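Dropping work.cif in here (mmCIF, C-alpha atoms):
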```cif
data_target
#
loop_
_atom_site.label_atom_id
_atom_site.label_comp_id
_atom_site.auth_asym_id
_atom_site.auth_seq_id
_atom_site.Cartn_x
_atom_site.Cartn_y
_atom_site.Cartn_z
CA MET A 173 25.26 0.99 -16.34
CA PHE A 174 23.63 -0.91 -13.48
CA LEU A 175 26.17 0.39 -10.96
CA ASN A 176 24.80 3.87 -11.65
CA LEU A 177 21.35 2.70 -10.61
CA PHE A 178 22.74 1.31 -7.36
CA THR A 179 24.73 4.43 -6.51
CA ASN A 180 21.82 6.71 -7.42
CA LEU A 181 19.49 4.76 -5.14
CA ARG A 182 22.00 5.04 -2.31
CA ALA A 183 22.39 8.77 -2.97
CA ALA A 184 18.59 9.12 -2.69
CA HIS A 185 18.84 7.47 0.76
CA LEU A 186 17.03 4.27 -0.21
CA PRO A 187 18.18 1.36 1.99
CA VAL A 188 19.71 -0.72 -0.81
CA SER A 189 22.54 -3.05 0.16
CA LEU A 190 25.34 -4.58 -1.88
CA ARG A 191 23.78 -8.00 -1.37
CA GLU A 192 20.57 -6.84 -3.07
CA TYR A 193 22.57 -5.34 -5.94
CA LEU A 194 24.40 -8.66 -6.41
CA THR A 195 21.01 -10.41 -6.43
CA LEU A 196 19.96 -8.18 -9.33
CA LEU A 197 23.18 -8.91 -11.24
CA GLY A 198 22.74 -12.63 -10.63
CA ALA A 199 19.22 -12.53 -12.03
CA LEU A 200 20.44 -10.68 -15.11
CA GLN A 201 23.27 -13.16 -15.59
CA ALA A 202 20.71 -15.96 -15.41
CA GLN A 203 18.76 -14.12 -18.16
CA VAL A 204 15.61 -13.76 -16.11
CA VAL A 205 14.94 -10.70 -18.29
CA ILE A 206 16.25 -10.21 -21.83
CA HIS A 207 15.71 -7.10 -23.99
CA ASP A 208 12.66 -6.01 -22.01
CA VAL A 209 12.72 -2.59 -20.34
CA ASN A 210 9.48 -3.18 -18.43
CA GLY A 211 10.69 -6.58 -17.31
CA PHE A 212 13.99 -5.11 -16.12
CA TYR A 213 12.10 -2.40 -14.21
CA TYR A 214 10.03 -4.98 -12.32
CA LEU A 215 13.06 -7.21 -11.74
CA ALA A 216 15.11 -4.32 -10.35
CA ARG A 217 12.25 -3.19 -8.16
CA ALA A 218 11.73 -6.68 -6.74
CA ALA A 219 15.44 -7.15 -6.05
CA LEU A 220 16.28 -3.71 -4.66
CA VAL A 221 13.15 -2.44 -2.89
CA LYS A 222 12.07 -4.16 0.32
CA ASP A 223 9.55 -1.64 1.64
CA GLU A 224 6.48 -0.35 -0.22
CA ARG A 225 7.07 3.14 1.17
CA HIS A 226 10.10 3.43 -1.13
CA LEU A 227 8.43 2.42 -4.41
CA ASP A 228 7.64 5.95 -5.50
CA LEU A 229 11.19 7.17 -4.86
CA PHE A 230 12.57 4.10 -6.66
CA ASP A 231 10.46 4.97 -9.72
CA GLN A 232 11.87 8.50 -9.75
CA VAL A 233 15.49 7.32 -9.44
CA PHE A 234 14.98 4.60 -12.06
CA ALA A 235 13.53 7.09 -14.54
CA THR A 236 16.36 9.55 -13.93
CA THR A 237 19.08 6.89 -14.19
CA PHE A 238 17.92 5.50 -17.52
CA GLN A 239 16.67 8.70 -19.10
CA GLY A 240 17.95 8.79 -22.65
CA PHE A 241 19.20 5.19 -22.49
CA GLU A 242 17.07 4.22 -25.48
CA ASP A 243 18.11 7.14 -27.64
CA TYR A 244 16.94 5.30 -30.71
CA THR A 245 13.35 5.36 -29.40
CA LEU A 246 13.47 9.16 -29.19
CA PRO A 247 11.32 9.71 -26.06
CA GLU A 248 11.38 13.42 -26.87
CA ILE A 249 9.60 12.75 -30.14
CA ILE A 250 6.97 10.67 -28.41
CA ALA A 251 6.41 13.35 -25.79
CA LYS A 252 6.06 16.04 -28.46
CA ARG A 253 4.08 13.86 -30.86
CA PRO A 254 1.32 12.07 -28.91
CA LEU A 255 -0.51 9.70 -31.22
CA PRO A 256 -3.97 11.00 -32.23
CA ASP A 257 -6.80 8.68 -31.19
CA GLU A 258 -8.09 8.43 -34.75
CA TRP A 259 -4.79 6.83 -35.83
CA LEU A 260 -5.54 3.84 -33.63
CA GLN A 261 -9.34 3.67 -33.84
CA LYS A 262 -10.59 0.26 -34.94
CA LEU A 263 -12.61 0.82 -38.12
CA ALA A 264 -11.92 -2.49 -39.80
CA GLU A 265 -9.90 -5.60 -39.17
CA LYS A 266 -7.91 -7.51 -41.77
CA LEU A 267 -8.33 -11.27 -41.44
CA LEU A 268 -5.23 -13.08 -42.63
CA SER A 269 -4.96 -16.77 -43.37
CA PRO A 270 -2.12 -18.76 -41.78
CA GLU A 271 -0.36 -18.75 -45.17
CA GLU A 272 -0.60 -14.96 -45.43
CA MET A 273 0.64 -14.55 -41.85
CA ALA A 274 3.68 -16.69 -42.66
CA LYS A 275 4.67 -14.28 -45.44
CA VAL A 276 4.74 -11.24 -43.12
CA GLN A 277 8.36 -10.49 -42.26
CA ALA A 278 9.64 -9.22 -38.91
CA LEU A 279 12.04 -6.27 -38.85
CA GLY A 280 14.83 -8.33 -37.31
CA GLY A 281 15.20 -7.83 -33.60
CA PHE A 282 14.24 -5.53 -30.76
CA GLU A 283 16.76 -2.77 -31.51
CA ALA A 284 15.74 -2.53 -35.16
CA LEU A 285 12.09 -2.51 -34.16
CA MET A 286 12.49 0.36 -31.69
CA LYS A 287 14.71 2.39 -33.99
CA THR A 288 12.19 2.06 -36.82
CA LEU A 289 9.35 3.09 -34.52
CA ALA A 290 11.17 6.30 -33.66
CA GLU A 291 11.67 7.02 -37.35
CA ARG A 292 7.99 6.38 -38.15
CA LEU A 293 6.86 8.70 -35.35
CA ALA A 294 9.11 11.44 -36.66
CA GLU A 295 7.88 11.09 -40.25
CA GLN A 296 4.21 10.13 -40.06
CA GLU A 297 1.61 12.84 -40.71
CA GLY A 298 -1.76 11.09 -40.78
CA ARG A 299 -3.87 8.03 -40.11
CA HIS A 300 -3.10 4.71 -41.83
CA GLN A 301 -5.20 1.58 -42.00
CA GLY A 302 -4.40 -1.76 -43.53
CA GLY A 303 -0.81 -0.90 -44.39
CA ASN A 304 2.53 -2.54 -43.68
CA LYS A 305 4.72 0.41 -42.71
CA TRP A 306 3.17 3.25 -40.67
CA VAL A 307 1.68 3.35 -37.20
CA GLY A 308 -1.94 2.37 -37.79
CA THR A 309 -4.59 -0.30 -37.58
CA ALA A 310 -5.71 -3.50 -39.26
CA GLY A 311 -2.54 -4.08 -41.28
CA THR A 312 0.75 -5.93 -41.16
CA SER A 313 2.81 -3.01 -39.87
CA PRO A 314 4.86 -3.77 -36.76
CA PHE A 315 3.35 -0.70 -35.06
CA GLY A 316 -0.25 -0.07 -34.05
CA ALA A 317 -3.39 -1.97 -33.20
CA TYR A 318 -5.70 -4.72 -34.51
CA GLY A 319 -3.28 -5.98 -37.13
CA TYR A 320 -0.73 -8.77 -37.37
CA ASN A 321 3.07 -8.91 -37.34
CA PRO A 322 5.39 -11.63 -36.02
CA GLU A 323 7.22 -9.04 -33.89
CA GLY A 324 5.45 -5.78 -33.21
CA VAL A 325 4.85 -2.94 -30.80
CA ARG A 326 1.25 -2.86 -29.64
CA ILE A 327 -0.06 0.72 -29.38
CA GLY A 328 -3.60 1.69 -28.39
CA GLN A 329 -5.12 -1.79 -28.26
CA ASP A 330 -7.04 -2.82 -25.15
CA LYS A 331 -5.82 -6.44 -25.02
CA SER A 332 -3.61 -8.98 -26.69
CA ARG A 333 -4.89 -10.88 -29.74
CA HIS A 334 -2.08 -12.85 -31.37
CA GLN A 335 0.42 -12.80 -28.46
CA ARG A 336 3.10 -11.52 -30.84
CA ALA A 337 3.90 -8.07 -29.44
CA VAL A 338 7.41 -7.74 -28.07
CA LYS A 339 6.50 -4.45 -26.38
CA VAL A 340 3.31 -2.69 -25.26
CA TRP A 341 3.92 1.01 -25.75
CA ASP A 342 0.77 2.30 -24.01
CA LYS A 343 1.44 4.57 -21.05
CA ARG A 344 1.83 2.84 -17.70
CA ASP A 345 0.18 4.65 -14.82
CA PHE A 346 1.75 3.87 -11.46
CA ARG A 347 0.10 4.99 -8.26
CA ASP A 348 2.46 6.88 -6.01
CA LEU A 349 3.33 4.86 -2.92
CA ASP A 350 5.13 6.79 -0.24
CA ASP A 351 4.81 7.32 3.48
CA LYS A 352 2.62 10.43 3.19
CA VAL A 353 -0.33 8.98 1.28
CA ALA A 354 -3.53 7.81 2.95
CA LEU A 355 -3.72 4.19 3.97
CA GLY A 356 -5.30 1.21 2.25
CA ILE A 357 -5.87 -2.22 3.78
CA ARG A 358 -2.59 -3.62 2.43
CA SER A 359 -0.47 -0.73 3.64
CA ILE A 360 -2.24 -0.75 7.02
CA LYS A 361 -1.38 -4.42 7.45
CA ILE A 362 2.24 -3.74 6.58
CA ALA A 363 2.42 -0.99 9.21
CA LEU A 364 0.62 -3.06 11.86
CA LYS A 365 3.00 -6.00 11.33
CA ARG A 366 5.63 -3.92 13.10
CA LEU A 367 3.62 -4.35 16.30
CA ARG A 368 4.41 -7.99 16.92
CA HIS A 369 5.33 -10.15 19.83
CA TRP A 370 5.42 -13.77 18.77
CA ALA A 371 4.43 -16.49 21.22
CA ARG A 372 3.35 -20.12 21.01
CA ASP A 373 0.17 -21.11 22.79
CA GLY A 374 -2.81 -23.39 22.32
CA ALA A 375 -2.95 -26.92 20.92
CA GLN A 376 0.22 -28.52 19.60
CA GLU A 377 -0.82 -28.77 15.96
CA GLU A 378 2.25 -27.49 14.08
CA LEU A 379 5.11 -29.79 13.04
CA ASP A 380 8.26 -29.01 15.01
CA LEU A 381 10.80 -29.93 12.35
CA PRO A 382 14.00 -29.14 14.35
CA GLY A 383 12.56 -30.96 17.36
CA THR A 384 11.59 -33.94 15.21
CA ILE A 385 15.10 -34.17 13.74
CA ARG A 386 16.73 -34.05 17.17
CA ALA A 387 14.32 -36.57 18.71
CA SER A 388 14.63 -38.93 15.74
CA ALA A 389 18.44 -38.80 15.88
CA ASP A 390 18.38 -39.58 19.61
CA ALA A 391 15.82 -42.37 19.34
CA GLY A 392 17.10 -44.03 16.17
CA TYR A 393 13.67 -43.90 14.53
CA ILE A 394 11.31 -41.16 13.30
CA ASP A 395 9.91 -39.47 16.39
CA VAL A 396 7.49 -36.74 15.26
CA LYS A 397 7.23 -33.69 17.53
CA THR A 398 4.59 -30.98 17.36
CA ARG A 399 4.25 -27.56 18.93
CA PRO A 400 1.64 -24.77 19.20
CA GLU A 401 1.34 -22.42 16.26
CA ARG A 402 3.31 -19.19 16.56
CA ARG A 403 0.94 -16.22 16.91
CA ASN A 404 1.12 -12.52 17.52
CA ALA A 405 0.48 -12.25 21.26
CA ILE A 406 -0.03 -8.47 21.30
CA LYS A 407 -3.36 -7.40 22.83
CA VAL A 408 -5.05 -4.38 21.26
CA LEU A 409 -7.96 -2.28 22.50
CA LEU A 410 -9.45 -0.15 19.71
CA PHE A 411 -11.82 2.77 20.35
CA THR A 412 -13.34 4.32 17.20
CA ASP A 413 -15.19 7.62 16.93
CA ASN A 414 -18.43 7.18 15.00
CA GLY A 415 -20.88 9.62 13.42
CA GLY A 416 -20.91 13.36 12.83
CA SER A 417 -17.73 14.68 11.24
CA MET A 418 -16.31 11.13 11.14
CA ASP A 419 -18.80 10.18 8.39
CA ALA A 420 -16.31 11.54 5.84
CA HIS A 421 -13.71 9.03 7.03
CA VAL A 422 -15.91 5.91 7.26
CA LYS A 423 -14.21 4.00 4.42
CA LEU A 424 -10.71 4.64 5.74
CA VAL A 425 -11.63 3.68 9.30
CA GLU A 426 -13.33 0.52 8.02
CA GLU A 427 -10.09 -0.43 6.27
CA LEU A 428 -8.13 0.16 9.48
CA PHE A 429 -10.56 -2.01 11.45
CA SER A 430 -10.48 -4.77 8.81
CA ALA A 431 -6.68 -4.81 8.76
CA ALA A 432 -6.43 -4.78 12.55
CA ARG A 433 -8.97 -7.59 12.86
CA ALA A 434 -6.94 -9.72 10.45
CA GLU A 435 -3.58 -8.90 12.07
CA PHE A 436 -4.31 -9.28 15.80
CA LYS A 437 -5.75 -12.34 17.46
CA HIS A 438 -6.45 -10.40 20.66
CA LEU A 439 -8.41 -7.34 19.46
CA GLU A 440 -11.28 -5.70 21.34
CA HIS A 441 -13.21 -2.94 19.58
CA TYR A 442 -15.66 -0.31 20.89
CA TYR A 443 -17.33 2.82 19.53
CA PHE A 444 -17.63 6.28 21.06
CA HIS A 445 -18.79 9.65 19.75
CA ASN A 446 -16.46 12.66 19.72
CA CYS A 447 -14.92 11.98 23.13
CA LEU A 448 -14.73 9.11 25.57
CA TYR A 449 -17.43 9.29 28.28
CA GLU A 450 -19.03 6.93 30.77
CA GLY A 451 -20.39 4.56 28.09
CA VAL A 452 -19.23 2.92 24.85
CA TRP A 453 -20.88 0.40 22.54
CA LYS A 454 -20.24 -2.37 20.03
CA ASP A 455 -23.34 -2.03 17.82
CA ASN A 456 -24.18 1.41 16.49
CA ALA A 457 -27.78 0.40 15.85
CA ARG A 458 -28.21 -0.25 19.59
CA ARG A 459 -25.87 2.36 21.01
CA TRP A 460 -28.40 3.63 23.55
CA GLN A 461 -29.91 0.26 24.56
CA ASP A 462 -26.70 -1.78 24.88
CA GLN A 463 -24.10 0.64 26.18
CA ILE A 464 -21.15 -0.79 28.05
CA LYS A 465 -19.83 1.11 31.02
CA THR A 466 -16.38 2.53 30.40
CA HIS A 467 -15.66 1.96 34.10
CA ASP A 468 -16.13 -1.78 33.52
CA LEU A 469 -13.65 -1.78 30.65
CA LEU A 470 -11.04 -0.08 32.81
CA HIS A 471 -11.21 -3.07 35.14
CA ARG A 472 -11.72 -5.76 32.48
CA TYR A 473 -8.64 -5.16 30.35
CA GLY A 474 -5.22 -5.11 31.94
CA SER A 475 -2.51 -2.54 31.45
CA ASP A 476 -0.72 -4.89 29.03
CA TYR A 477 -3.22 -3.93 26.32
CA LYS A 478 -2.12 -1.48 23.62
CA CYS A 479 -4.85 1.16 23.35
CA ILE A 480 -5.65 2.94 20.06
CA PHE A 481 -8.17 5.76 19.73
CA VAL A 482 -9.29 6.65 16.20
CA GLY A 483 -11.10 9.95 15.62
CA ASP A 484 -10.79 13.39 14.07
CA ALA A 485 -10.93 15.04 17.55
CA ALA A 486 -13.20 17.74 16.08
CA MET A 487 -15.81 18.84 18.64
CA SER A 488 -16.76 21.65 20.94
CA PRO A 489 -14.11 22.25 23.63
CA TYR A 490 -16.96 22.04 26.16
CA GLU A 491 -17.30 18.33 25.37
CA ILE A 492 -13.81 17.82 26.73
CA LEU A 493 -13.80 20.26 29.65
CA TYR A 494 -17.27 20.42 31.23
CA PRO A 495 -19.89 18.08 32.72
CA GLY A 496 -22.94 18.19 30.46
CA GLY A 497 -20.83 19.35 27.51
CA ALA A 498 -21.54 16.26 25.35
CA ASN A 499 -23.79 17.09 22.42
CA GLU A 500 -26.06 14.03 22.60
CA HIS A 501 -26.50 13.34 26.32
CA TYR A 502 -25.69 14.72 29.73
CA ASN A 503 -22.25 13.53 30.81
CA PRO A 504 -21.77 13.70 34.61
CA GLU A 505 -18.00 13.96 34.16
CA PRO A 506 -15.95 15.77 31.48
CA GLY A 507 -14.45 13.82 28.62
CA GLU A 508 -10.97 14.84 29.74
CA VAL A 509 -11.46 12.86 32.97
CA TRP A 510 -12.30 9.68 31.08
CA LEU A 511 -9.42 10.10 28.64
CA ASN A 512 -6.99 10.52 31.54
CA ARG A 513 -8.40 7.41 33.23
CA ALA A 514 -7.92 5.45 30.01
CA ARG A 515 -4.35 6.65 29.64
CA ALA A 516 -3.61 5.76 33.26
CA GLN A 517 -4.98 2.23 32.80
CA TRP A 518 -3.38 1.68 29.39
CA PRO A 519 -0.08 3.62 29.35
CA LYS A 520 0.64 2.40 25.82
CA ALA A 521 -2.03 4.54 24.18
CA VAL A 522 -2.07 6.63 20.97
CA TRP A 523 -4.62 8.65 19.03
CA ILE A 524 -4.89 8.16 15.24
CA ASN A 525 -6.40 11.14 13.42
CA PRO A 526 -7.73 10.73 9.82
CA THR A 527 -7.66 14.52 9.32
CA PRO A 528 -4.47 15.72 7.56
CA GLU A 529 -1.91 16.83 10.15
CA PRO A 530 -1.50 20.43 8.86
CA ALA A 531 -5.20 21.04 9.65
CA TRP A 532 -4.91 20.09 13.34
CA GLN A 533 -3.71 23.53 14.38
CA TYR A 534 -7.01 25.10 13.31
CA THR A 535 -9.18 23.03 15.65
CA GLN A 536 -8.99 23.85 19.36
CA SER A 537 -10.37 20.49 20.46
CA THR A 538 -7.75 18.65 18.41
CA GLN A 539 -4.99 20.57 20.17
CA MET A 540 -6.56 19.79 23.56
CA ILE A 541 -6.75 16.03 22.95
CA ARG A 542 -3.27 16.05 21.50
CA SER A 543 -2.08 17.64 24.74
CA ILE A 544 -3.95 15.06 26.85
CA PHE A 545 -2.16 12.31 24.90
CA GLU A 546 1.18 14.10 25.34
CA ASP A 547 1.65 14.57 21.58
CA ARG A 548 0.95 10.92 20.86
CA MET A 549 -1.47 11.85 18.09
CA TYR A 550 -0.56 10.60 14.62
CA PRO A 551 -2.04 11.12 11.13
CA MET A 552 -3.67 8.21 9.34
CA THR A 553 -0.89 7.81 6.77
CA ILE A 554 1.67 5.06 6.36
CA ASP A 555 4.27 7.19 8.10
CA GLY A 556 1.85 8.23 10.84
CA LEU A 557 0.68 4.71 11.59
CA THR A 558 4.28 3.47 11.52
CA ARG A 559 5.25 6.08 14.12
CA ALA A 560 2.20 5.19 16.22
CA VAL A 561 3.05 1.48 16.13
CA ARG A 562 6.65 2.28 17.04
CA GLU A 563 5.41 4.27 20.06
CA LEU A 564 3.13 1.40 21.14
CA GLY A 565 6.00 -1.05 20.84
CA ARG A 566 8.35 0.78 23.20
#
```

Could you rewrite the structure in this file as structure tokens?
Amino acid sequence: MFLNLFTNLRAAHLPVSLREYLTLLGALQAQVVIHDVNGFYYLARAALVKDERHLDLFDQVFATTFQGFEDYTLPEIIAKRPLPDEWLQKLAEKLLSPEEMAKVQALGGFEALMKTLAERLAEQEGRHQGGNKWVGTAGTSPFGAYGYNPEGVRIGQDKSRHQRAVKVWDKRDFRDLDDKVALGIRSIKIALKRLRHWARDGAQEELDLPGTIRASADAGYIDVKTRPERRNAIKVLLFTDNGGSMDAHVKLVEELFSAARAEFKHLEHYYFHNCLYEGVWKDNARRWQDQIKTHDLLHRYGSDYKCIFVGDAAMSPYEILYPGGANEHYNPEPGEVWLNRARAQWPKAVWINPTPEPAWQYTQSTQMIRSIFEDRMYPMTIDGLTRAVRELGR
């Protein structure tokens, strides 16, 4: 049974190894999960999936592998017979004394419970309240909401009350997680972690356990050694387009900035509008008063910096090609000149575009900037950011 899951995952090209499969079997042998389909799903996912990009595909394979496994629950009946809301609406609640609760009998195990549920769903025609058999409310039936049973299936109830349900039947909604969806802070951090170069610098504050063991063995007494904390030594220069058509992408760009700020110790961030020109800024409220000369940045930050431009690249082609083409000021030199200077100073440079990639072909300016960056323009998806980070890491 479980071997089919492993082979199906491999057939779907998920990177699942034999070691991970043995980990799952070991957890099952240790009875980490017993008679709990949801629990087994989470256990299998934790043991077999090591990358969030594969969660959606895992869900599909898992559902296909175990389709029809619980024949006695008759999933087809449930699909064809969705429970009407009025069956589960809380109109009254039966209050049972501890003595009355003790008299309520369980059906006798998980399999009997699920088989009986399937039978009830096939037979029931209307709402029931206060009973002990049908799917309903405020009774002692094993199925429904706002009642009591020593072992029941909770259906349509917003939270637990007696902590007696052995299964919660309500539909589980899982958000698709694959490498084509837009980014969130967590997925951005996962992608950015691939751009790492660990180094130890600064004060020696971290315990060096291997060094302490060696020194203590040599000295014959405990000789504590410390070392600098290991940090990501990558230096990142981030230029973000702000205003105009980028207003629609503010939330996503904020998440990218937040994740980058948390991930990189050496991060410098500047704003521009539409295209890079002779000035950039750090505070949008004072963009005209406190502009920083782009020429100064070209000499301030060495070529070891990884340079990331973030923008939708949507503008008039004149803003890229002609002096004076900028829409908010007179630019003595074309934007193309400044972009080429930036690429010459920081050879490891990419452009991240929050606009979906299929739409790029319809915007002339996007095609022009993509050409300037020699096709190093990537969409702001998990897959796109992963490819961008891989390019920066070469």

Give as a PyMOL selection string the residues that the PyMOL selection byres ((chain A and resi 509-517) around 12) matches when applied to the coordinates above.
chain A and resi 409-411+444+446-452+465-481+491-495+503-508+518-523+540-546+548

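The gap separating CA of Tyr550 (chain A) from CA of Val188 (chain A) is 27.9 Å, in Å to one decimal.
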
Residues near region 196-201 of chain A, anyone? I mean within 10 Å using all atoms listed in the file, not counting same-chain ones fewer than 6 positions away, as a PyMOL selection string.
chain A and resi 174-175+190+212+215-220

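Going from CA of Gln232 (chain A) to CA of Leu557 (chain A) covers 24.4 Å.
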
Could you state the separation of CA of His445 (chain A) and CA of Ile406 (chain A) in Å, given to one decimal place?
26.1 Å

So which residues get picked by the PyMOL selection byres ((chain A and resi 551) around 6) here, written as a count of residues only?
8

Starting from the displayed file, determine the output of the PyMOL selection byres ((chain A and resi 414-422) around 10) and express the residue list as a list in words.
Phe411, Thr412, Asp413, Lys423, Leu424, Val425, Glu426, Glu427, Leu428, Tyr442, Tyr443, Phe444, His445, Asn446, Asn456, Val482, Gly483, Asp484, Ala485, Ala486, Met487, Asn525, Pro526 and Thr527 of chain A

Mind checking which residues fall within 12 Å of Pro187 (chain A), counting all atoms listed in the file, ignoring those fewer than 5 positions away in the same chain, and posting them as an NGL selection string?
:A and (178-182 or 192-193 or 220-223 or 225-227 or 229-230)

Contacts of region 380-385 of chain A at 10 Å or less, counting only C-alpha atoms, minus same-chain residues fewer than 6 places along, as an MDAnalysis selection string?
chainID A and resid 391 393:401
